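As provided, my_file_22.cif (mmCIF, C-alpha atoms; chains and numbers go by the auth columns) reads as follows.
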data_query
loop_
_atom_site.group_PDB
_atom_site.id
_atom_site.type_symbol
_atom_site.label_atom_id
_atom_site.label_comp_id
_atom_site.label_asym_id
_atom_site.label_seq_id
_atom_site.Cartn_x
_atom_site.Cartn_y
_atom_site.Cartn_z
_atom_site.B_iso_or_equiv
_atom_site.auth_seq_id
_atom_site.auth_asym_id
ATOM 1 C CA MET A 1 0.000 0.000 0.000 0.00 17 A
ATOM 2 C CA ASP A 2 1.494 3.315 -1.077 0.00 18 A
ATOM 3 C CA PHE A 3 0.741 6.124 1.310 0.00 19 A
ATOM 4 C CA SER A 4 -1.349 9.048 0.185 0.00 20 A
ATOM 5 C CA ILE A 5 -2.868 11.800 2.277 0.00 21 A
ATOM 6 C CA ASP A 6 -6.148 11.037 0.498 0.00 22 A
ATOM 7 C CA GLN A 7 -6.297 7.703 2.351 0.00 23 A
ATOM 8 C CA ILE A 8 -6.476 9.338 5.765 0.00 24 A
ATOM 9 C CA ASN A 9 -9.837 11.080 5.356 0.00 25 A
ATOM 10 C CA PRO A 10 -11.918 7.989 4.474 0.00 26 A
ATOM 11 C CA VAL A 11 -10.389 5.972 7.327 0.00 27 A
ATOM 12 C CA GLU A 12 -11.035 8.831 9.743 0.00 28 A
ATOM 13 C CA LYS A 13 -14.670 9.039 8.574 0.00 29 A
ATOM 14 C CA GLU A 14 -15.107 5.268 9.027 0.00 30 A
ATOM 15 C CA MET A 15 -13.744 5.500 12.568 0.00 31 A
ATOM 16 C CA GLN A 16 -16.023 8.416 13.435 0.00 32 A
ATOM 17 C CA SER A 17 -18.994 6.574 11.967 0.00 33 A
ATOM 18 C CA GLU A 18 -18.290 3.466 14.051 0.00 34 A
ATOM 19 C CA MET A 19 -17.829 5.555 17.170 0.00 35 A
ATOM 20 C CA GLN A 20 -21.154 7.319 16.546 0.00 36 A
ATOM 21 C CA LYS A 21 -22.852 3.913 16.186 0.00 37 A
ATOM 22 C CA ILE A 22 -21.389 2.824 19.522 0.00 38 A
ATOM 23 C CA PHE A 23 -22.422 6.094 21.193 0.00 39 A
ATOM 24 C CA LYS A 24 -25.946 5.760 19.851 0.00 40 A
ATOM 25 C CA THR A 25 -26.303 2.101 20.834 0.00 41 A
ATOM 26 C CA ALA A 26 -24.784 2.681 24.309 0.00 42 A
ATOM 27 C CA ASN A 27 -26.875 5.828 24.719 0.00 43 A
ATOM 28 C CA ILE A 28 -23.824 8.074 25.329 0.00 44 A
ATOM 29 C CA SER A 29 -22.718 11.295 23.641 0.00 45 A
ATOM 30 C CA CYS A 30 -18.889 11.132 23.671 0.00 46 A
ATOM 31 C CA SER A 31 -15.947 8.826 24.296 0.00 47 A
ATOM 32 C CA SER A 32 -15.406 10.108 27.834 0.00 48 A
ATOM 33 C CA GLU A 33 -18.839 8.683 28.727 0.00 49 A
ATOM 34 C CA ALA A 34 -17.908 5.252 27.334 0.00 50 A
ATOM 35 C CA THR A 35 -17.277 3.692 30.707 0.00 51 A
ATOM 36 C CA GLU A 36 -17.194 -0.019 31.410 0.00 52 A
ATOM 37 C CA SER A 37 -20.588 0.090 33.059 0.00 53 A
ATOM 38 C CA ALA A 38 -22.146 1.942 30.094 0.00 54 A
ATOM 39 C CA LEU A 39 -20.743 -0.632 27.657 0.00 55 A
ATOM 40 C CA MET A 40 -21.748 -3.593 29.855 0.00 56 A
ATOM 41 C CA LYS A 41 -25.384 -2.588 29.397 0.00 57 A
ATOM 42 C CA LEU A 42 -25.107 -3.574 25.730 0.00 58 A
ATOM 43 C CA ASN A 43 -25.954 -7.046 24.505 0.00 59 A
ATOM 44 C CA LYS A 44 -23.033 -9.174 23.432 0.00 60 A
ATOM 45 C CA ASN A 45 -24.068 -9.333 19.791 0.00 61 A
ATOM 46 C CA PRO A 46 -23.927 -5.561 19.017 0.00 62 A
ATOM 47 C CA LEU A 47 -20.847 -5.193 21.190 0.00 63 A
ATOM 48 C CA ALA A 48 -19.091 -8.037 19.322 0.00 64 A
ATOM 49 C CA LYS A 49 -19.947 -6.378 15.986 0.00 65 A
ATOM 50 C CA PHE A 50 -18.490 -3.063 17.156 0.00 66 A
ATOM 51 C CA VAL A 51 -15.326 -4.716 18.447 0.00 67 A
ATOM 52 C CA ASN A 52 -14.921 -6.609 15.170 0.00 68 A
ATOM 53 C CA SER A 53 -15.457 -3.441 13.125 0.00 69 A
ATOM 54 C CA LEU A 54 -13.010 -1.462 15.263 0.00 70 A
ATOM 55 C CA LEU A 55 -10.398 -4.219 14.927 0.00 71 A
ATOM 56 C CA HIS A 56 -10.620 -3.970 11.141 0.00 72 A
ATOM 57 C CA LEU A 57 -10.225 -0.196 11.369 0.00 73 A
ATOM 58 C CA VAL A 58 -7.208 -0.586 13.646 0.00 74 A
ATOM 59 C CA GLU A 59 -5.624 -2.955 11.112 0.00 75 A
ATOM 60 C CA LYS A 60 -6.275 -0.420 8.333 0.00 76 A
ATOM 61 C CA ASN A 61 -4.682 2.315 10.426 0.00 77 A
ATOM 62 C CA VAL A 62 -1.639 0.179 11.202 0.00 78 A
ATOM 63 C CA GLU A 63 -1.121 -0.493 7.478 0.00 79 A
ATOM 64 C CA LEU A 64 -1.653 3.180 6.712 0.00 80 A
ATOM 65 C CA CYS A 65 0.885 4.183 9.373 0.00 81 A
ATOM 66 C CA LYS A 66 3.430 1.672 8.042 0.00 82 A
ATOM 67 C CA SER A 67 2.954 3.037 4.545 0.00 83 A
ATOM 68 C CA ALA A 68 3.314 6.619 5.787 0.00 84 A
ATOM 69 C CA ALA A 69 6.478 5.691 7.698 0.00 85 A
ATOM 70 C CA GLY A 70 7.922 4.076 4.568 0.00 86 A
ATOM 71 C CA THR A 71 7.167 7.167 2.523 0.00 87 A
ATOM 72 C CA ILE A 72 8.710 9.401 5.187 0.00 88 A
ATOM 73 C CA ASP A 73 11.863 7.244 5.271 0.00 89 A
ATOM 74 C CA GLN A 74 12.118 7.378 1.486 0.00 90 A
ATOM 75 C CA LEU A 75 11.715 11.163 1.449 0.00 91 A
ATOM 76 C CA LYS A 76 14.257 11.521 4.248 0.00 92 A
ATOM 77 C CA THR A 77 16.769 9.389 2.323 0.00 93 A
ATOM 78 C CA GLU A 78 16.213 11.442 -0.827 0.00 94 A
ATOM 79 C CA LYS A 79 16.644 14.686 1.099 0.00 95 A
ATOM 80 C CA ILE A 80 19.904 13.479 2.639 0.00 96 A
ATOM 81 C CA ALA A 81 21.187 12.490 -0.820 0.00 97 A
ATOM 82 C CA ASP A 82 20.217 15.923 -2.173 0.00 98 A
ATOM 83 C CA GLN A 83 21.971 17.649 0.721 0.00 99 A
ATOM 84 C CA LYS A 84 25.146 15.593 0.142 0.00 100 A
ATOM 85 C CA LEU A 85 25.093 16.547 -3.544 0.00 101 A
ATOM 86 C CA LEU A 86 24.618 20.212 -2.632 0.00 102 A
ATOM 87 C CA ILE A 87 27.551 20.035 -0.205 0.00 103 A
ATOM 88 C CA GLU A 88 29.776 18.525 -2.909 0.00 104 A
ATOM 89 C CA ILE A 89 28.794 21.273 -5.359 0.00 105 A
ATOM 90 C CA GLN A 90 29.490 23.932 -2.735 0.00 106 A
ATOM 91 C CA LYS A 91 32.881 22.370 -1.945 0.00 107 A
ATOM 92 C CA GLY A 92 33.748 22.594 -5.645 0.00 108 A
ATOM 93 C CA GLN A 93 32.737 26.235 -5.724 0.00 109 A
ATOM 94 C CA ILE A 94 34.763 26.977 -2.580 0.00 110 A
ATOM 95 C CA ASN A 95 37.824 25.268 -4.072 0.00 111 A
ATOM 96 C CA SER A 96 37.440 27.327 -7.241 0.00 112 A
ATOM 97 C CA VAL A 97 37.216 30.566 -5.268 0.00 113 A
ATOM 98 C CA GLN A 98 40.197 29.542 -3.109 0.00 114 A
ATOM 99 C CA GLU A 99 42.307 28.872 -6.189 0.00 115 A
ATOM 100 C CA THR A 100 41.341 32.211 -7.722 0.00 116 A
ATOM 101 C CA VAL A 101 42.103 34.091 -4.507 0.00 117 A
ATOM 102 C CA LYS A 102 45.365 32.206 -4.084 0.00 118 A
ATOM 103 C CA SER A 103 46.544 32.985 -7.621 0.00 119 A
ATOM 104 C CA GLU A 104 45.487 36.623 -7.406 0.00 120 A
ATOM 105 C CA MET A 105 47.083 37.072 -3.999 0.00 121 A
ATOM 106 C CA THR A 106 50.287 35.572 -5.372 0.00 122 A
ATOM 107 C CA SER A 107 50.085 37.976 -8.317 0.00 123 A
ATOM 108 C CA TRP A 108 49.608 40.939 -5.969 0.00 124 A
ATOM 109 C CA ALA A 109 52.466 39.771 -3.789 0.00 125 A
ATOM 110 C CA ASP A 110 54.681 39.430 -6.878 0.00 126 A
ATOM 111 C CA VAL A 111 53.816 42.983 -7.944 0.00 127 A
ATOM 112 C CA VAL A 112 54.726 44.336 -4.512 0.00 128 A
ATOM 113 C CA LYS A 113 57.988 42.340 -4.433 0.00 129 A
ATOM 114 C CA LYS A 114 58.894 43.487 -7.930 0.00 130 A
ATOM 115 C CA ASN A 115 58.225 47.121 -7.129 0.00 131 A
ATOM 116 C CA THR A 116 60.014 46.838 -3.799 0.00 132 A
ATOM 117 C CA SER A 117 63.087 45.364 -5.416 0.00 133 A
ATOM 118 C CA GLN A 118 62.978 48.052 -8.133 0.00 134 A
ATOM 119 C CA ALA A 119 62.714 50.733 -5.493 0.00 135 A
ATOM 120 C CA HIS A 120 65.763 49.333 -3.692 0.00 136 A
ATOM 121 C CA ARG A 121 67.743 49.168 -6.973 0.00 137 A
ATOM 122 C CA ILE A 122 66.884 52.764 -7.728 0.00 138 A
ATOM 123 C CA GLY A 123 67.960 53.649 -4.240 0.00 139 A
ATOM 124 C CA LYS A 124 64.630 54.889 -2.962 0.00 140 A
ATOM 125 C CA PRO A 125 63.687 53.586 0.491 0.00 141 A
ATOM 126 C CA LEU A 126 60.334 51.861 0.851 0.00 142 A
ATOM 127 C CA THR A 127 58.119 54.086 2.982 0.00 143 A
ATOM 128 C CA GLU A 128 54.467 54.203 3.835 0.00 144 A
ATOM 129 C CA LYS A 129 54.090 57.109 1.428 0.00 145 A
ATOM 130 C CA SER A 130 55.692 55.186 -1.449 0.00 146 A
ATOM 131 C CA ILE A 131 53.493 52.158 -0.770 0.00 147 A
ATOM 132 C CA MET A 132 50.383 54.349 -0.760 0.00 148 A
ATOM 133 C CA MET A 133 51.484 55.936 -4.033 0.00 149 A
ATOM 134 C CA MET A 134 52.027 52.490 -5.536 0.00 150 A
ATOM 135 C CA MET A 135 48.567 51.339 -4.390 0.00 151 A
ATOM 136 C CA LYS A 136 47.035 54.496 -5.838 0.00 152 A
ATOM 137 C CA PHE A 137 48.832 53.863 -9.119 0.00 153 A
ATOM 138 C CA TYR A 138 47.505 50.308 -9.365 0.00 154 A
ATOM 139 C CA LYS A 139 44.051 51.465 -8.430 0.00 155 A
ATOM 140 C CA ASN A 140 44.153 54.082 -11.190 0.00 156 A
ATOM 141 C CA ILE A 141 45.116 51.509 -13.821 0.00 157 A
ATOM 142 C CA GLY A 142 42.269 49.242 -12.767 0.00 158 A
ATOM 143 C CA TYR A 143 44.271 46.451 -11.175 0.00 159 A
ATOM 144 C CA ASN A 144 41.849 46.222 -8.227 0.00 160 A
ATOM 145 C CA GLU A 145 38.888 45.880 -10.580 0.00 161 A
ATOM 146 C CA HIS A 146 40.631 43.018 -12.374 0.00 162 A
ATOM 147 C CA PHE A 147 41.401 41.429 -9.003 0.00 163 A
ATOM 148 C CA SER A 148 37.771 41.794 -7.814 0.00 164 A
ATOM 149 C CA LYS A 149 36.317 40.363 -10.997 0.00 165 A
ATOM 150 C CA ASN A 150 38.478 37.248 -10.771 0.00 166 A
ATOM 151 C CA CYS A 151 37.587 36.711 -7.132 0.00 167 A
ATOM 152 C CA LEU A 152 33.861 36.929 -7.816 0.00 168 A
ATOM 153 C CA ASP A 153 33.807 34.707 -10.935 0.00 169 A
#
Would you mind giving the structure from this file in structure tokens?
Amino acid sequence: MDFSIDQINPVEKEMQSEMQKIFKTANISCSSEATESALMKLNKNPLAKFVNSLLHLVEKNVELCKSAAGTIDQLKTEKIADQKLLIEIQKGQINSVQETVKSEMTSWADVVKKNTSQAHRIGKPLTEKSIMMMMKFYKNIGYNEHFSKNCLD
């Protein structure tokens, strides 16, 4: 039996119908009034029919619950598989971004080293002012934009 939400309503209606029959026969209005003494007033024959009917409904409900549990387990397994796939895709994206950042950071470091070594060859000392001028120069030529684009791709 494959579980469907549409199966719950008919079973619920059958149960309510049987309970109403018992209430009517036992001359009670709700389940809280269904005491042992109230039910003992019934003849065995109607009581046996109600018990038999309720047993069949219980069996239906057990099968319905098993089917629902199976469907839930299947959905849970599928969701876990989907989440694992998503994690793998995200790991790939993270690795790609890490590689891009790593290569761009190396490029930036190489530029700084190159300019530092050139500054030392020329005889100019490396100062905060010269570093700021160098950063301004690279910003003006669009190096930061190139760096940002590669990091975001």
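Note that atom CA of A:Ile157 and atom CA of A:Gln114 are 24.9 Å apart.
The residue that comes closest to A:Thr87, out of A:Leu63, A:Ile21, A:Leu71, A:Val127 and on the basis of only C-alpha atoms, is A:Ile21.
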Of the listed residues A:Gln99, A:Asn59, A:Ser20, A:Gln32, that which approaches A:Lys82 most closely, counting all atoms listed in the file =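 Answer, going by the shortest atom-to-atom distance: A:Ser20.
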What is the atom CA of A:Lys57-atom CA of A:Gln36 distance in Å, reported with one decimal?
->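 Atom CA of A:Gln36 lies 16.8 Å from atom CA of A:Lys57.
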Identify, on the basis of only C-alpha atoms, every residue whose closest approach to A:Glu34 does not exceed 12 Å; exclude the query and any residue fewer than 4 positions from it along the same chain; express the result as a PDB file with C-alpha atoms, keeping the file's coordinate frame.
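selection-v4.pdb written:
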ATOM      1  CA  VAL A  27     -10.389   5.972   7.327  1.00  0.00           C
ATOM      2  CA  GLU A  28     -11.035   8.831   9.743  1.00  0.00           C
ATOM      3  CA  LYS A  29     -14.670   9.039   8.574  1.00  0.00           C
ATOM      4  CA  GLU A  30     -15.107   5.268   9.027  1.00  0.00           C
ATOM      5  CA  ILE A  38     -21.389   2.824  19.522  1.00  0.00           C
ATOM      6  CA  PHE A  39     -22.422   6.094  21.193  1.00  0.00           C
ATOM      7  CA  LYS A  40     -25.946   5.760  19.851  1.00  0.00           C
ATOM      8  CA  THR A  41     -26.303   2.101  20.834  1.00  0.00           C
ATOM      9  CA  SER A  47     -15.947   8.826  24.296  1.00  0.00           C
ATOM     10  CA  PRO A  62     -23.927  -5.561  19.017  1.00  0.00           C
ATOM     11  CA  LEU A  63     -20.847  -5.193  21.190  1.00  0.00           C
ATOM     12  CA  LYS A  65     -19.947  -6.378  15.986  1.00  0.00           C
ATOM     13  CA  PHE A  66     -18.490  -3.063  17.156  1.00  0.00           C
ATOM     14  CA  VAL A  67     -15.326  -4.716  18.447  1.00  0.00           C
ATOM     15  CA  ASN A  68     -14.921  -6.609  15.170  1.00  0.00           C
ATOM     16  CA  SER A  69     -15.457  -3.441  13.125  1.00  0.00           C
ATOM     17  CA  LEU A  70     -13.010  -1.462  15.263  1.00  0.00           C
ATOM     18  CA  LEU A  71     -10.398  -4.219  14.927  1.00  0.00           C
ATOM     19  CA  HIS A  72     -10.620  -3.970  11.141  1.00  0.00           C
ATOM     20  CA  LEU A  73     -10.225  -0.196  11.369  1.00  0.00           C
ATOM     21  CA  VAL A  74      -7.208  -0.586  13.646  1.00  0.00           C
TER      22      VAL A  74
END
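Rounded to one decimal, atom CA of A:Asn77 and atom CA of A:Asp89 lie 18.0 Å from each other.
Distances here use only C-alpha atoms; by that measure, the residue among A:Lys155, A:Asp98, A:Ile24, A:Met148 closest to A:Ala84 is A:Ile24.
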Please reconstruct the missing atoms of stretch 103-115 of chain A (target: N, CA, C and O atoms) and return them as a PDB file, in the frame of the given file.
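Written file, out-v2.pdb:
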ATOM      1  N   ILE A 103      26.291  19.804  -0.923  1.00  0.00           N
ATOM      2  CA  ILE A 103      27.551  20.035  -0.205  1.00  0.00           C
ATOM      3  C   ILE A 103      28.735  19.826  -1.142  1.00  0.00           C
ATOM      4  O   ILE A 103      29.684  20.615  -1.144  1.00  0.00           O
ATOM      5  N   GLU A 104      28.689  18.779  -1.957  1.00  0.00           N
ATOM      6  CA  GLU A 104      29.776  18.525  -2.909  1.00  0.00           C
ATOM      7  C   GLU A 104      29.905  19.661  -3.921  1.00  0.00           C
ATOM      8  O   GLU A 104      31.011  20.092  -4.239  1.00  0.00           O
ATOM      9  N   ILE A 105      28.770  20.148  -4.406  1.00  0.00           N
ATOM     10  CA  ILE A 105      28.794  21.273  -5.359  1.00  0.00           C
ATOM     11  C   ILE A 105      29.384  22.512  -4.692  1.00  0.00           C
ATOM     12  O   ILE A 105      30.217  23.212  -5.271  1.00  0.00           O
ATOM     13  N   GLN A 106      28.980  22.766  -3.456  1.00  0.00           N
ATOM     14  CA  GLN A 106      29.490  23.932  -2.735  1.00  0.00           C
ATOM     15  C   GLN A 106      30.985  23.799  -2.460  1.00  0.00           C
ATOM     16  O   GLN A 106      31.726  24.786  -2.542  1.00  0.00           O
ATOM     17  N   LYS A 107      31.449  22.579  -2.159  1.00  0.00           N
ATOM     18  CA  LYS A 107      32.881  22.370  -1.945  1.00  0.00           C
ATOM     19  C   LYS A 107      33.651  22.698  -3.215  1.00  0.00           C
ATOM     20  O   LYS A 107      34.716  23.311  -3.164  1.00  0.00           O
ATOM     21  N   GLY A 108      33.109  22.282  -4.362  1.00  0.00           N
ATOM     22  CA  GLY A 108      33.748  22.594  -5.645  1.00  0.00           C
ATOM     23  C   GLY A 108      33.824  24.089  -5.875  1.00  0.00           C
ATOM     24  O   GLY A 108      34.852  24.603  -6.346  1.00  0.00           O
ATOM     25  N   GLN A 109      32.748  24.783  -5.559  1.00  0.00           N
ATOM     26  CA  GLN A 109      32.737  26.235  -5.724  1.00  0.00           C
ATOM     27  C   GLN A 109      33.741  26.899  -4.778  1.00  0.00           C
ATOM     28  O   GLN A 109      34.441  27.836  -5.167  1.00  0.00           O
ATOM     29  N   ILE A 110      33.816  26.416  -3.556  1.00  0.00           N
ATOM     30  CA  ILE A 110      34.763  26.977  -2.580  1.00  0.00           C
ATOM     31  C   ILE A 110      36.186  26.758  -3.059  1.00  0.00           C
ATOM     32  O   ILE A 110      37.024  27.665  -2.996  1.00  0.00           O
ATOM     33  N   ASN A 111      36.473  25.554  -3.565  1.00  0.00           N
ATOM     34  CA  ASN A 111      37.824  25.268  -4.072  1.00  0.00           C
ATOM     35  C   ASN A 111      38.175  26.186  -5.230  1.00  0.00           C
ATOM     36  O   ASN A 111      39.297  26.677  -5.321  1.00  0.00           O
ATOM     37  N   SER A 112      37.210  26.432  -6.103  1.00  0.00           N
ATOM     38  CA  SER A 112      37.440  27.327  -7.241  1.00  0.00           C
ATOM     39  C   SER A 112      37.756  28.733  -6.762  1.00  0.00           C
ATOM     40  O   SER A 112      38.695  29.372  -7.245  1.00  0.00           O
ATOM     41  N   VAL A 113      36.984  29.221  -5.813  1.00  0.00           N
ATOM     42  CA  VAL A 113      37.216  30.566  -5.268  1.00  0.00           C
ATOM     43  C   VAL A 113      38.568  30.621  -4.561  1.00  0.00           C
ATOM     44  O   VAL A 113      39.328  31.578  -4.719  1.00  0.00           O
ATOM     45  N   GLN A 114      38.909  29.567  -3.807  1.00  0.00           N
ATOM     46  CA  GLN A 114      40.197  29.542  -3.109  1.00  0.00           C
ATOM     47  C   GLN A 114      41.361  29.608  -4.096  1.00  0.00           C
ATOM     48  O   GLN A 114      42.328  30.331  -3.865  1.00  0.00           O
ATOM     49  N   GLU A 115      41.249  28.858  -5.178  1.00  0.00           N
ATOM     50  CA  GLU A 115      42.307  28.872  -6.189  1.00  0.00           C
ATOM     51  C   GLU A 115      42.446  30.254  -6.826  1.00  0.00           C
ATOM     52  O   GLU A 115      43.555  30.735  -7.029  1.00  0.00           O
TER      53      GLU A 115
END
